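K.L.:
Quick one: this structure, given as structure tokens, is what I'll be asking you about.
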Amino acid sequence: MARAMAGPTGPARLIVLGFGLATVLGTVLLSLPVATTDGQRPGLSTALFTATSAVCVNGLAVVDTEAHWSTFGEVVIMVLVQVGGLGIISLASLLGLLVARRIGLRMQIVAQAENKSLDLGESKRVVFGVVRVSLTVETIVALFLFARFATGYEVSVGRAAYLSVFHAVTAYNNAGIALYGDSLTRFAGDPAILVPVMAAIVIGGLGFPVIYEVTKAVRRRIGRDTALLRWSLHTKLTLITYFALMVIGVVMITAFEWTNPDTFGPKDVPGKILSGLFAGISPRTAGFNTIDVGAMNPTSLLTTDVLMFIGGGSGGVAGGIKVTTFAILAFVIWAEIRGEPTVHAFGRRISAGVQRQAITVALMSVGTVMVGTLTLLQLTHFDLDAVLFEVISAFSTVGLSTGITDELPTAGRILLVVLMFAGRLAPSLWRPRSPCASANAATSCRRSVRSLAKSLKRSGMRIVVIGLGRFGASVARELIAQGAEVLGIDADERSVQRLSDDLTYAAVADSTDEEALKQLGVPDFAHAVVSIGSDLEAGILTTSLLSEFRIPNIWAKATSHQHRRILERVGAHHVVLPEHEMGERVAHLVTGVKMLDYVEFEQDYAMVKAHAPRSIVGLALKESGVRHKYGITVVAIKHPGEDFTHADYDTIVQDGDVLIVAGRNEAVEAFADVN
């Protein structure tokens, strides 16, 4: 299943389609005469560029937002920013919840992909959380801005409210679109405006999974919950890397621009520090500016390039390759320098699949920026510094510019539109799939696992595997390798995290909780595997629930014949005893030293792989009389240097042939011992 799209259901395709439709709708609305201040239809390239910039929460503009667009056009831009920031699928899921009170499995999967949520069972909570957090932060920021606009600037109450809401939305969603031609330069010395904007940029740039964990920790702290809260590796990497890069960016840009007469030079010390803070935070990926970006030193521009390219946290509104990707690559390099066989971060192993994903995203992003830069250099007369800055700003959905955006030709604008769209959706499009990426992949080659996987795969392509221990993980990986979609469920978060890169979908849930299984959409599956071996009660209850869901094909793992009978009585259609069957097989192979392999199907019927007896070499099977003499049937034959083929009466046995024969246990064992 190594494909760019996240499985046959195509969550990535739905996300791309949603953003594409929103862009088209925004382009149509901004093309209306009512959208401009002069009542004239804007050019198609202008409307398309602005709509794409808003939906992709970028902020680049080819016209002055305040001077060119009417209030209607500005409201359209603000709504597009909100839609692009919340996520098309999150909004569709919210609508489904409000109208139908549920989200289908397909929509849950796409919402999980869009918001980078590990727990598929919490899709409803995540969707509501995304909307609730977004609106809460935007409201708080708007209130702070309103208080300042209404009291510190000569604007009406209505205008102050409008300015506050617009800039709160574009700041939290990291769009960086301002209703002023100079962005926020006129507020460069006003912390009452800049501090709320910076706070919104940081919170929005961390990503929804991190915000969710942080708010959960705050609630537990307020409630004096003494239970140990274990941060996820994603949250640790995001918080530490994000703030470390923020500090580095602020310090470097402040130092480089401290004496620049065109930027920080004329300011007093507090003004320089405030401008440095804003210039270091904004590239993460907001796009507001309080200084003339085109007048910055080349070293500051390069520093900003790096900050923009890395971006913010995944699962949110930030662009770039994401700080988690950058951090993982750093840990990979560190492990390679130290000669360590595996990569660890904060005591947790980073799977090979995650490493490949980070490398894929980083290299494809570098390639995209290089191609975009070379193309724009050919289309324009601008120098490399300005073009590289513009391309990275577009691809990383930042919105900062050295001032060349409005001077670009139509072809250059279209190029930036493509880069903005690709940058907003790249993580979904470039998410690789890796079958059997784990070091334990060899276990999936066991006969019992492989045969079970093939039996399931033949009758359908969407399978839920409940219990991700050694057996369940092996079955799930084998199904993935054969092209099936697999939803893996386990109550242990570590087991889910270990397999989340190998499976199509993975969720942390209690399989004995009927509501949890319904939220995961388990009743919609036609095939299920229950591989809970350590907790007999949980395995039986889970199988019973699946039977009540009327799932037509239920496989279950048993640990004993008595356990098997119970599972069959509560609804399992097929029961396997992998340890028992493997033990019997090994015992027969040990005692029957001339057998190459042994598989028992019923209590007294088996198949054996063995060398052909010398007594039948050179004879056709119908002449050898093996069926009459030994009571067995030759099913397949393998000539030296060839593959197994079906055997019939006219098949001639050669010296060195390997046969697969079927029959009663004693008969096949006796035949194997002939030699």
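Here's how to read the names in the structure tokens: chain A, B, ... by the order shown, residue numbers from 1 in each chain, ligand numbers from 1 in the order shown.
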Among segment 491-667 of chain A, which residues does DSSP mark as strand (DSSP E) when it is run on the backbone? Keep the chain and numbering as in the structure and answer as an MDAnalysis selection string.
P.N.:
chainID A and resid 505:508 527:530 553:557 574:576 595:602 605:611 632:638 644:646 658:663
K.L.:
Mind checking which residues fall within 7 Å of Ile328 of chain A, counting only C-alpha atoms, ignoring those fewer than 3 positions away in the same chain, and posting them as a list in words?
P.N.:
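Here the qualifying residues turn out to be Thr324, Thr325, Phe331, Val332, Gln355 and Ala358 of chain A.
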K.L.:
Between atom CA of Pro33 of chain A and atom CA of Thr170 of chain A, what is the distance, to one decimal in Å?
P.N.:
23.9 Å
K.L.:
Which residue is closest to Ala318 of chain A? Choose from A:Ala506, A:Leu619, A:Arg664, A:Ser393 and count only C-alpha atoms.
P.N.:
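The answer is A:Ser393, which sits nearest to Ala318 of chain A.
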K.L.:
In Å, with one decimal, what is the gap from atom CA of Ile632 of chain A to atom CA of Leu659 of chain A?
P.N.:
11.4 Å
K.L.:
Contacts of Pro261 of chain A at 12 Å or less, counting only C-alpha atoms, minus same-chain residues fewer than 4 places along, as a list in words?
P.N.:
Phe256, Glu257, Gly265, Pro266, Lys267, Lys272, Ile291, Asp292, Ala295, Met296 and Asn297 of chain A
K.L.:
Could you pull out all residues of segment 267-421 of chain A with a DSSP call of helix (DSSP H, G or I) and give them as an NGL selection string?
P.N.:
:A and (269-284 or 293-295 or 298-310 or 323-338 or 352-379 or 384-395 or 405-407 or 410-421)
K.L.:
Using only C-alpha atoms, which residues sit within 12 Å of Gly412 of chain A once same-chain residues fewer than 4 positions away are excluded, as a ChimeraX atom specification?
P.N.:
/A:45-46,49,62,372-382,387,390-391,394,404-408,416-419
K.L.:
Which value, in Å to one decimal, gives the distance between atom CA of Leu596 of chain A and atom CA of Gly631 of chain A?
P.N.:
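Here the two named atoms are 19.3 Å from each other.
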K.L.:
From the list A:Asn58, A:Thr71, A:Thr290, A:Ser495, which residue is nearest Phe187 of chain A when using only C-alpha atoms?
P.N.:
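Comparing A:Asn58, A:Thr71, A:Thr290, A:Ser495 against Phe187 of chain A, the winner is A:Thr290.
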K.L.:
If you count only C-alpha atoms, which residues fall within 8 Å of Ser314 of chain A, apart from same-chain ones fewer than 2 positions away, as a list in words?
P.N.:
Lys116, Leu206, Gly207, Phe208, Gly312, Gly316, Val317, Ala318, Lys322, Val323 and Thr324 of chain A
